[in-house]
Structure formats: C-alpha cells, structure tokens
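Content type compact mmCIF, C-alpha atoms, from the file start20.txt:
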# COMPACT_ATOMS: atom_id res chain seq x y z
CA MET T 1 0.00 0.00 0.00
CA LEU T 2 1.31 3.44 -0.92
CA CYS T 3 0.92 6.06 1.80
CA THR T 4 2.05 9.64 1.28
CA TYR T 5 2.04 12.35 3.94
CA ILE T 6 3.98 15.51 4.60
CA VAL T 7 5.41 15.03 8.09
CA PHE T 8 5.80 18.15 10.20
CA ASP T 9 8.42 18.34 12.94
CA ASN T 10 6.04 17.63 15.82
CA GLN T 11 8.83 17.72 18.41
CA GLU T 12 9.09 21.54 18.27
CA THR T 13 5.39 22.26 18.65
CA PRO T 14 4.60 23.42 22.19
CA LEU T 15 2.23 21.19 24.14
CA ASN T 16 -0.85 23.26 24.88
CA SER T 17 -4.62 22.94 24.85
CA LEU T 18 -4.95 24.94 21.61
CA ALA T 19 -2.83 22.71 19.39
CA ILE T 20 -4.17 19.47 17.95
CA LEU T 21 -1.39 17.57 16.19
CA PRO T 22 -1.68 14.66 13.77
CA ALA T 23 -1.93 11.32 15.66
CA ASP T 24 -3.24 12.92 18.86
CA ILE T 25 -5.95 10.80 20.44
CA LEU T 26 -9.20 12.70 20.65
CA ALA T 27 -11.59 11.41 23.32
CA ARG T 28 -15.22 12.48 23.65
CA PRO T 29 -16.05 13.22 27.29
CA TYR T 30 -19.44 12.46 28.79
CA ILE T 31 -21.20 15.77 29.48
CA LYS T 32 -24.47 15.33 31.35
CA GLY T 33 -27.39 16.61 29.32
CA LYS T 34 -25.31 16.95 26.15
CA THR T 35 -24.44 13.32 25.43
CA GLY T 36 -26.77 11.07 23.42
CA ILE T 37 -28.44 8.03 24.97
CA GLU T 38 -26.36 5.54 22.93
CA ASP T 39 -23.14 7.18 24.15
CA SER T 40 -24.44 7.38 27.72
CA ALA T 41 -24.93 3.60 27.58
CA ILE T 42 -21.19 3.12 26.89
CA VAL T 43 -20.41 5.28 29.92
CA GLU T 44 -22.74 3.17 32.09
CA VAL T 45 -21.02 -0.06 30.98
CA GLU T 46 -17.64 1.51 31.79
CA TYR T 47 -18.91 2.54 35.22
CA LEU T 48 -20.20 -0.96 35.97
CA ASP T 49 -16.85 -2.40 34.86
CA GLY T 50 -14.95 0.02 37.13
CA SER T 51 -13.23 1.87 34.28
CA THR T 52 -12.93 5.56 35.25
CA THR T 53 -10.52 8.44 34.68
CA PRO T 54 -9.69 11.54 36.76
CA LEU T 55 -11.11 13.60 33.86
CA GLY T 56 -14.47 11.83 33.97
CA GLU T 57 -16.00 9.31 31.63
CA MET T 58 -15.08 9.04 27.94
CA PHE T 59 -17.40 7.40 25.43
CA HIS T 60 -15.51 7.62 22.12
CA VAL T 61 -11.94 7.88 20.82
CA GLY T 62 -10.44 8.71 17.45
CA ILE T 63 -7.17 9.94 15.94
CA ALA T 64 -6.44 13.51 14.82
CA ALA T 65 -5.73 13.84 11.10
CA PRO T 66 -3.21 16.14 9.41
CA SER T 67 -5.47 18.88 8.09
CA VAL T 68 -5.87 22.66 7.96
CA THR T 69 -9.42 22.20 9.29
CA PRO T 70 -9.42 19.99 12.41
CA MET T 71 -10.41 16.46 11.35
CA ILE T 72 -10.63 13.08 13.08
CA TYR T 73 -10.21 9.52 11.86
CA GLU T 74 -12.93 7.58 13.69
CA ALA T 75 -14.90 4.36 13.68
CA VAL T 76 -18.53 5.50 13.60
CA TRP T 77 -21.66 4.41 11.75
CA PRO T 78 -21.59 3.39 8.91
CA ARG T 79 -17.81 2.99 8.42
CA TYR T 80 -14.35 4.10 9.56
CA SER T 81 -14.07 7.59 8.15
CA LEU T 82 -12.46 11.01 8.23
CA ASN T 83 -14.78 13.64 9.73
CA PRO T 84 -14.60 17.27 10.88
CA ILE T 85 -14.48 17.80 14.64
CA ALA T 86 -16.52 21.01 14.44
CA GLY T 87 -19.34 21.25 16.96
CA ARG T 88 -17.95 18.57 19.27
CA THR T 89 -15.96 18.58 22.50
CA PHE T 90 -12.79 16.49 22.81
CA ASP T 91 -10.11 15.84 25.40
CA VAL T 92 -6.76 15.76 23.60
CA PHE T 93 -4.08 13.19 24.48
CA ARG T 94 -0.61 13.05 22.90
CA VAL T 95 1.89 10.22 22.74
CA LYS T 96 5.01 11.15 24.69
CA ASN T 97 8.17 11.09 22.55
CA LEU T 98 6.37 10.13 19.34
CA SER T 99 8.93 9.49 16.60
CA ASP T 100 8.45 10.54 12.98
CA ASP T 101 8.40 6.85 12.01
CA GLN T 102 5.61 6.12 14.51
CA LEU T 103 3.67 9.18 13.33
CA PHE T 104 3.97 7.99 9.74
CA LYS T 105 2.80 4.46 10.64
CA ILE T 106 -0.20 5.78 12.61
CA LEU T 107 -1.32 8.04 9.76
CA CYS T 108 -0.85 5.26 7.20
CA GLY T 109 -2.86 2.93 9.44
CA CYS T 110 -5.68 5.46 9.63
CA LYS T 111 -5.69 5.92 5.87
CA ALA T 112 -5.69 2.15 5.30
CA ALA T 113 -8.66 1.67 7.65
CA LEU T 114 -10.87 4.17 5.80
CA GLY T 115 -14.09 2.52 4.62
CA THR T 116 -13.97 -0.41 7.05
CA PRO T 117 -17.64 -1.30 7.69
CA TYR T 118 -19.13 -0.58 11.09
CA SER T 119 -22.45 -1.95 12.25
CA ILE T 120 -24.64 -1.51 15.27
CA ILE T 121 -24.61 -5.30 15.75
CA ASP T 122 -20.80 -5.16 15.84
CA LEU T 123 -20.96 -2.40 18.45
CA LEU T 124 -23.32 -4.44 20.63
CA THR T 125 -21.33 -7.67 20.29
CA GLY T 126 -17.93 -5.97 20.27
CA TRP T 127 -17.74 -6.39 24.03
CA LEU T 128 -17.64 -10.17 23.56
CA PRO T 129 -14.71 -12.24 22.25
CA ASN T 130 -14.97 -12.36 18.45
CA ASN T 131 -13.13 -11.13 15.36
CA HIS T 132 -14.61 -7.65 15.61
CA GLN T 133 -12.31 -4.97 14.24
CA THR T 134 -14.40 -1.83 13.90
CA ILE T 135 -15.40 -0.28 17.22
CA CYS T 136 -13.53 2.93 18.01
CA THR T 137 -11.29 1.66 20.80
CA LEU T 138 -10.12 -1.46 18.99
CA GLU T 139 -9.35 0.51 15.82
CA VAL T 140 -7.26 3.08 17.73
CA GLN T 141 -5.51 0.36 19.74
CA GLN T 142 -4.64 -1.69 16.63
CA ILE T 143 -3.39 1.29 14.61
CA PHE T 144 -1.12 2.39 17.47
CA ALA T 145 0.09 -1.20 18.04
CA LYS T 146 1.23 -1.38 14.40
CA ALA T 147 3.34 1.72 15.14
CA GLY T 148 4.88 -0.01 18.17
CA ILE T 149 2.81 1.86 20.79
CA LYS T 150 0.88 -0.17 23.37
CA LEU T 151 -2.27 1.49 24.65
CA ASP T 152 -4.05 0.26 27.79
CA GLY T 153 -7.19 -1.83 27.65
CA GLU T 154 -7.33 -5.49 26.83
CA PRO T 155 -9.15 -6.84 23.79
CA PRO T 156 -11.84 -7.79 23.24
CA ARG T 157 -13.13 -5.06 25.49
CA PRO T 158 -10.98 -1.94 25.77
CA PHE T 159 -13.01 1.05 26.90
CA PRO T 160 -12.31 4.65 25.88
CA ASN T 161 -11.36 5.29 29.54
CA ASP T 162 -8.74 2.52 29.34
CA ILE T 163 -7.16 4.00 26.22
CA VAL T 164 -6.75 7.51 27.67
CA LYS T 165 -5.21 6.20 30.93
CA SER T 166 -2.26 4.76 29.01
CA ALA T 167 1.08 5.76 30.57
CA CYS T 168 2.49 6.66 27.14
CA LEU T 169 -0.08 9.48 26.74
CA ALA T 170 0.02 13.05 28.05
CA TYR T 171 -3.20 15.01 28.59
CA ILE T 172 -3.05 18.23 26.55
CA GLY T 173 -6.43 19.82 27.26
CA ARG T 174 -10.07 20.10 26.26
CA VAL T 175 -11.09 21.46 22.88
CA ASN T 176 -14.58 22.78 22.17
CA ALA T 177 -14.65 22.82 18.40
How would this structure read if it were set down as structure tokens?
Amino acid sequence: MLCTYIVFDNQETPLNSLAILPADILARPYIKGKTGIEDSAIVEVEYLDGSTTPLGEMFHVGIAAPSVTPMIYEAVWPRYSLNPIAGRTFDVFRVKNLSDDQLFKILCGCKAALGTPYSIIDLLTGWLPNNHQTICTLEVQQIFAKAGIKLDGEPPRPFPNDIVKSACLAYIGRVNA
C-alpha cells in the first residue's frame, strides 16, 4: 500500500490545549445533558466495569488527522471515516516522545482503515470475544500497536477510559470545536 504524507516536525510544537497535532488521540467526554443516549450507555457499561478516569468518563476515541481544518479519523456508523471535529468537545491526548516513524505508521494505518464497515450489531457484540475490528477503541488500539505503541485496555473489550489512561499518553487539554 502506498501512503504519502507531509510530516511536520512535531517535536518543536509546544504542548498546549490549543494545538491538535496529527496522531493525537481525541476522546469524547461524557457531558451530562449533552451526550446522546447511545453514548451514555457506553459510559454506564464503563462505570459498571470500574473503568474511570480523573477527567471523567469518555465514550468515544479517534485519531487527529493532518489537516488545515481539524479532522478526526474515527470508527462511527456506517464505516471508519475522516470527519470534521466542528461542533464537538474532545479531550486531547498526545503520545510522549512520538517518533516521525511512529507518526507515519499511525497516519498510514488510519488511511488504510478508511471505509472499514461498522455496524450496530458489531458495536453491541464488540464487548464479547470475536473477530470484531471496527469499534472505536479497537481501531485506535490496533493502529497504534502497528506503530509499536501499546495502549491500555485489553481486547476484546478496551473502553475509551482505558485508552486515555495509558502511561504513554500526556493530557493536553479540552477542545470545544
């Protein structure tokens, strides 16, 4: 597979809540009264499983894309796609000491996953052992693993909260796009 990207020197960009860099993990936080019922259900399952974070509950994760307009690679209905982040709130997490090679592999992995089908049945059964590959947490975990980065959360059931608690990630801040 051919994958072409212009790689920016991400090591010289200051870490702050205003900058979203390619390959940052974008996590959707649960905000009472502003989160849909289907996303609230994910938060409830996480709570029952004991998966929490100091920042609160997360119900979705994706990967920031290299773009002038902030975009996210994400596994959502009906397929893995590239979408604008406008109108949504995200907590931004960045891999500590991300190399250019790892950045390249993550972005190529995102590009290769585009179009992967996603179904509601897969979402509902994705918490059980099977060959499911399309819920948001598994997609992020697998793409990062191919770049040599281990994120927390054990398949077949990593939760968004597990991903963002990974020791290799630094919390950057909250973005209201």
message = To one decimal place in Å, what is the distance between atom CA of Cys136 of chain T and atom CA of Pro29 of chain T?
response = 14.1 Å
request  = Just the residues within 9 Å of Asp101 of chain T, please, counting all atoms listed in the file, with nothing from its chain fewer than 4 positions along; format it as a PyMOL selection string.
outcome  = chain T and resi 105-106+147
task = Using only C-alpha atoms, determine which residues lie at most 9 Å from Thr69 of chain T, disregarding the query and same-chain residues fewer than 3 positions distant; provide the list as an MDAnalysis selection string.
result = chainID T and resid 66 84:86
query = Counting all atoms listed in the file, which of T:Leu21, T:Asp91, T:Gly109, T:Lys96 gets nearest to Met71 of chain T?
reply = T:Leu21
query = Excluding same-chain residues fewer than 4 positions from Gly153 of chain T, what lies within 12 Å of it counting only C-alpha atoms, as a list in words?
reply =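 That gives Glu46, Ser51, Thr137, Leu138, Val140, Gln141, Gln142, Arg157, Pro158, Phe159, Pro160, Asn161, Asp162, Ile163, Val164, Lys165, Ser166 and Ala167 of chain T.
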Among the residues T:Ala75, T:Ile143, T:Leu26, T:Leu151, the one that comes closest to Pro117 of chain T [using all atoms listed in the file] = T:Ala75
